[in-house]
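Contents: one structure, followed by commentary.
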Amino acid sequence: MHSALRRLIAACALLLAAAAAPAQGIESVLRPGELIRGHAKWDDDCAQCHVRFDRAAQNERCMACHQDVGADVRQHTGFHGRQRPQPCRGCHTDHKGRDARIVLLDEKRFDHAQTDYALRGRHREVACSQCHPAGRKHRQAPADCASCHRRDDVHKGSLGNACADCHGEAGWKPARFDHDRTRFALAGRHADAKCADCHRGGALRETPRECIGCHRKDDDGARGHRGRYGPKCESCHGTQAWKPHRFNHEAETRFALRGKHRSAECGACHTGALYRDKLGSACIDCHRRDDKHQGALGRDCQACHGERDWKETGGRFDHDRTRFALLGRHRDVRCADCHRDTRYRDTPSTCIACHRQDDRHRPSLGEDCAACHAERGWKDVARLDHDKTRFVLRGRHRDTKCAACHRSADYRATPTDCAACHRTDDRHAGTLGPRCADCHGEAAWKPAPAFDHQRTRFALRGAHAAPRIACRDCHADAKHYRDTPRDCIACHRRDDSHAGQLGERCEACHADTRWLDVRFDHARARFALLGRHLAVECGACHKSKRYREAPRDCDGCHRADDRHQLRLGSACDSCHNARSWRLWSFDHARRTRFALDGAHLKLACERCHAAPAPRGQPIAPIGGGCLACHQRDDRHDGAFGAQCERCHDTGDWKRIRHRGSETPAPRAPS
């Protein structure tokens with residue numbers, strides 16, 4: 001009884017002492033234990049955390065100090081904002097002593113998806129301490145790639161901090177970079193090249209885009225040009241393969257390569273700088289040291305020499321066009337028998353000069369050997385006459401009766417031109433003039449072997465050359481040989497399957513070797529082939545031979561591939577590229593005035609661009625304001641205006657953000 005009384009008296013004394021001390025309340029006397037070190041300054045001020053007789057008000061006091069946690073709870077973001085509502089003291093209980101831990105986190109069982117940064121890919125395997133170092137709050141861990149991967153950045157910051165544009169969470173390597181979106185699209189063999197082959201030392205922006213920047217070692221090699229042909233490698237080389245080159249010497253220059261010129265090395269003729277040292281197109285410019293005539297025959301080497309072989313001259317040189325036509329046995333004589341010197345112009349053209357040892361008359365009959373002797377044989381002496389006149393008899397003329405030409409006794413008055421005797425044989429009715437000998441020979445009037453079509457304005461080559469084509473195939477009327485058209489379409493109009501749509505310059509694509517051999521460079525057309533287009537058959541785009549009717553816009557061929565049904569317009573190339581239809585990319589932030597963020601990032605394009613594009617426009621226009629898409633979501637019926645973003649954000653339409661805790665959310669008028 002006395003002990004109980006003493007305890008009651010002691011308790012009353014404590015209460016009286018507490019009432020008497022102004023700096024100490026009943027709460028301080030009855031506190032269950034010391035606060036943690038971070039809260040130690042509030043040991044004597046319980047009101048900082050507690051409200052008398054109102055336990056629920058404690059949460060507001062906690063979040064008033066821990067403002068970042070309070071913001072997460074109100075906005076339903078972060079780890080605390082995603083938890084079910086519960087008192088703070090349910091997880092964080094204080095009054096356990098200065099060194100107590102009131103934040104208990106099981107890192108092995110913690111679900112990171114409940115935070116603002118969900119772990120994916122290789123991030124799932126990373127230890128917590130690598131991103132959350134000791135001494136720092138977990139929420140202070142950076143969310144950008146560069147903060148953790150700065151030492152992995154081989155680009156040294158030259159490409160900025162948007163690492164996720166190329167690297168993924170499944171692995172830092174390899175990178176998923178679309179090179180076609182740069183100023184240097186990869187085509188041909190470039191698509192298979194390793195990044196390091198061009199980007200030395202990880203530097204990307206400073207990588208050269210001209211060919212010589214990477215292929216200088218190919219140009220400086222044993223078979224390279226060593227800089228003599230300049231830096232424009234693409235003039236001859238293509239992206240499909242460095243060798244062989246694709247330079248068309250006939251189309252790109254004024255000197256077509258034929259014969260041995262085709263196999264000659266470029267450096268054999270182009271010994272200097274390609275664009276600085278002008279190279280002549282005359283034979284003598286390259287073959288001066290091969291000219292054994294020492295310039296005596298001029299610069300027209302091709303008159304005797306051919307492109308198949310420099311020493312092959314016999315079949316090409318027409319001696320009949322010189323001052324000494326070769327006839328009879330002269331045709332079988334070797335050149336050296338008469339031309340003792342390579343300066344051919346100094347060779348005498350008189351008979352006695354070569355036949356002095358054959359002259360048995362020495363020189364009683366003079367030096368005019370041809371008066372009696374003929375080219376068929378030195379011993380074949382004429383019966384006098386005709387060889388000594390102005391009209392030497394050759395060929396069929398030798399068998400002709402004298403009266404056939406000499407119609408009167410005055411033989412000297414007999415005309416010597418062909419037309420005088422062969423007028424009735426002239427099927428051309430005089431349209432080709434009186435010089436019948438240009439085509440017809442004395443051996444026979446038919447055929448006309450002496451005519452060299454190569455000397456006309458239309459040289460016969462390829463399929464045009466005999467015997468593949470007869471004269472009458474082009475010359476339908478013998479009276480109008482000179483009027484025969486020379487353009488391809490005149491003879492090949494019925495072969496023109498393009499119905500005249502591509503014009504009349506057939507030679508631009510077809511060759512005279514064979515009509516079906518087409519040499520068309522699509523890169524010179526209005527639609528250059530790139531990416532997957534290179535492997536597409538012609539018939540896939542050109543449904544008929546009227547090639548110009550083939551559409552050039554993507555929609556013309558890919559309408560069936562357009563899953564948007566023209567709601568995003570017909571400018572497919574704004575998102576898709578030629579490498580693959582499925583490789584598409586569109587940067588909404590840079591190419592439009594409406595950057596996508598929050599929930600907009602996950603929306604399909606058709607959710608906003610629902611209407612088909614108007615005629616003549618690439619895409620149906622939509623307003624840039626929220627109400628353009630969220631008109632039916634506006635529960636306020638326009639009472640708060642069109643600036644929805646003042647209360648709503650792009651993360652979640654139903655999540656309302658207030659300008660301050662003291663300002664309530666606007667309420668729609670009743």
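Here, A, B, ... name the chains of the structure tokens in the order displayed, residue numbers run from 1 inside each chain, and ligands are numbered from 1 in the same displayed order.
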Quiz prompt | Residues within 9 Å of range 323-326 of chain A, only C-alpha atoms, excluding chain neighbours under 6 positions, as number ranges by chain | solution = A: 349-350, 375
Write out, as an mmCIF file, in the first residue's frame, the residues just selected, with N, CA and C atoms.
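So selection-v2.cif came out as:
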data_model
loop_
_atom_site.group_PDB
_atom_site.id
_atom_site.type_symbol
_atom_site.label_atom_id
_atom_site.label_comp_id
_atom_site.auth_asym_id
_atom_site.auth_seq_id
_atom_site.Cartn_x
_atom_site.Cartn_y
_atom_site.Cartn_z
ATOM 1 N N SER A 349 57.806 6.114 -158.192
ATOM 2 C CA SER A 349 56.610 5.429 -158.686
ATOM 3 C C SER A 349 56.723 5.026 -160.155
ATOM 4 N N THR A 350 57.898 5.180 -160.756
ATOM 5 C CA THR A 350 58.069 4.776 -162.163
ATOM 6 C C THR A 350 58.423 3.305 -162.239
ATOM 7 N N GLU A 375 50.678 -5.173 -165.519
ATOM 8 C CA GLU A 375 50.908 -5.587 -164.139
ATOM 9 C C GLU A 375 50.660 -7.077 -163.911
#
Which residues of range 478-560 of chain A come within 12 Å of range 420-427 of chain A, and for each one, what is the closest pair of atoms and their distance in Å to one decimal, counting only C-alpha atoms, sorted by chain and residue number, as JSON lines?
{"residue": "A:Ala478", "atom": "CA", "partner": "A:Arg427", "partner_atom": "CA", "distance": 6.1}
{"residue": "A:Lys479", "atom": "CA", "partner": "A:Arg427", "partner_atom": "CA", "distance": 6.4}
{"residue": "A:His480", "atom": "CA", "partner": "A:Arg427", "partner_atom": "CA", "distance": 9.9}
{"residue": "A:Tyr481", "atom": "CA", "partner": "A:Arg427", "partner_atom": "CA", "distance": 10.5}
Writing out the chosen residues with C-alpha atoms as a PDB file, in the first residue's frame:
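again.pdb was written with the following content:
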ATOM      1  CA  ALA A 478      17.948   1.655-156.189  1.00  0.00           C
ATOM      2  CA  LYS A 479      17.129   5.091-157.566  1.00  0.00           C
ATOM      3  CA  HIS A 480      17.249   6.757-154.162  1.00  0.00           C
ATOM      4  CA  TYR A 481      20.344   5.409-152.379  1.00  0.00           C
TER       5      TYR A 481
END
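Taking only range 586-617 of chain A, the residues that DSSP calls helix (DSSP H, G or I) from the backbone come to His588, Ala589, Arg590, Arg591, Gly598, Ala599, His600, Leu601, Lys602, Cys605, Glu606, Arg607 and Cys608 of chain A.
If you measure from each of A:Asp438, A:Glu537, A:Arg139, A:Ile36 to Val69 in chain A using only C-alpha atoms, the closest one turns out to be A:Arg139.
What separates CA of Pro231 in chain A from CA of Ala528 in chain A is a distance of 23.2 Å.
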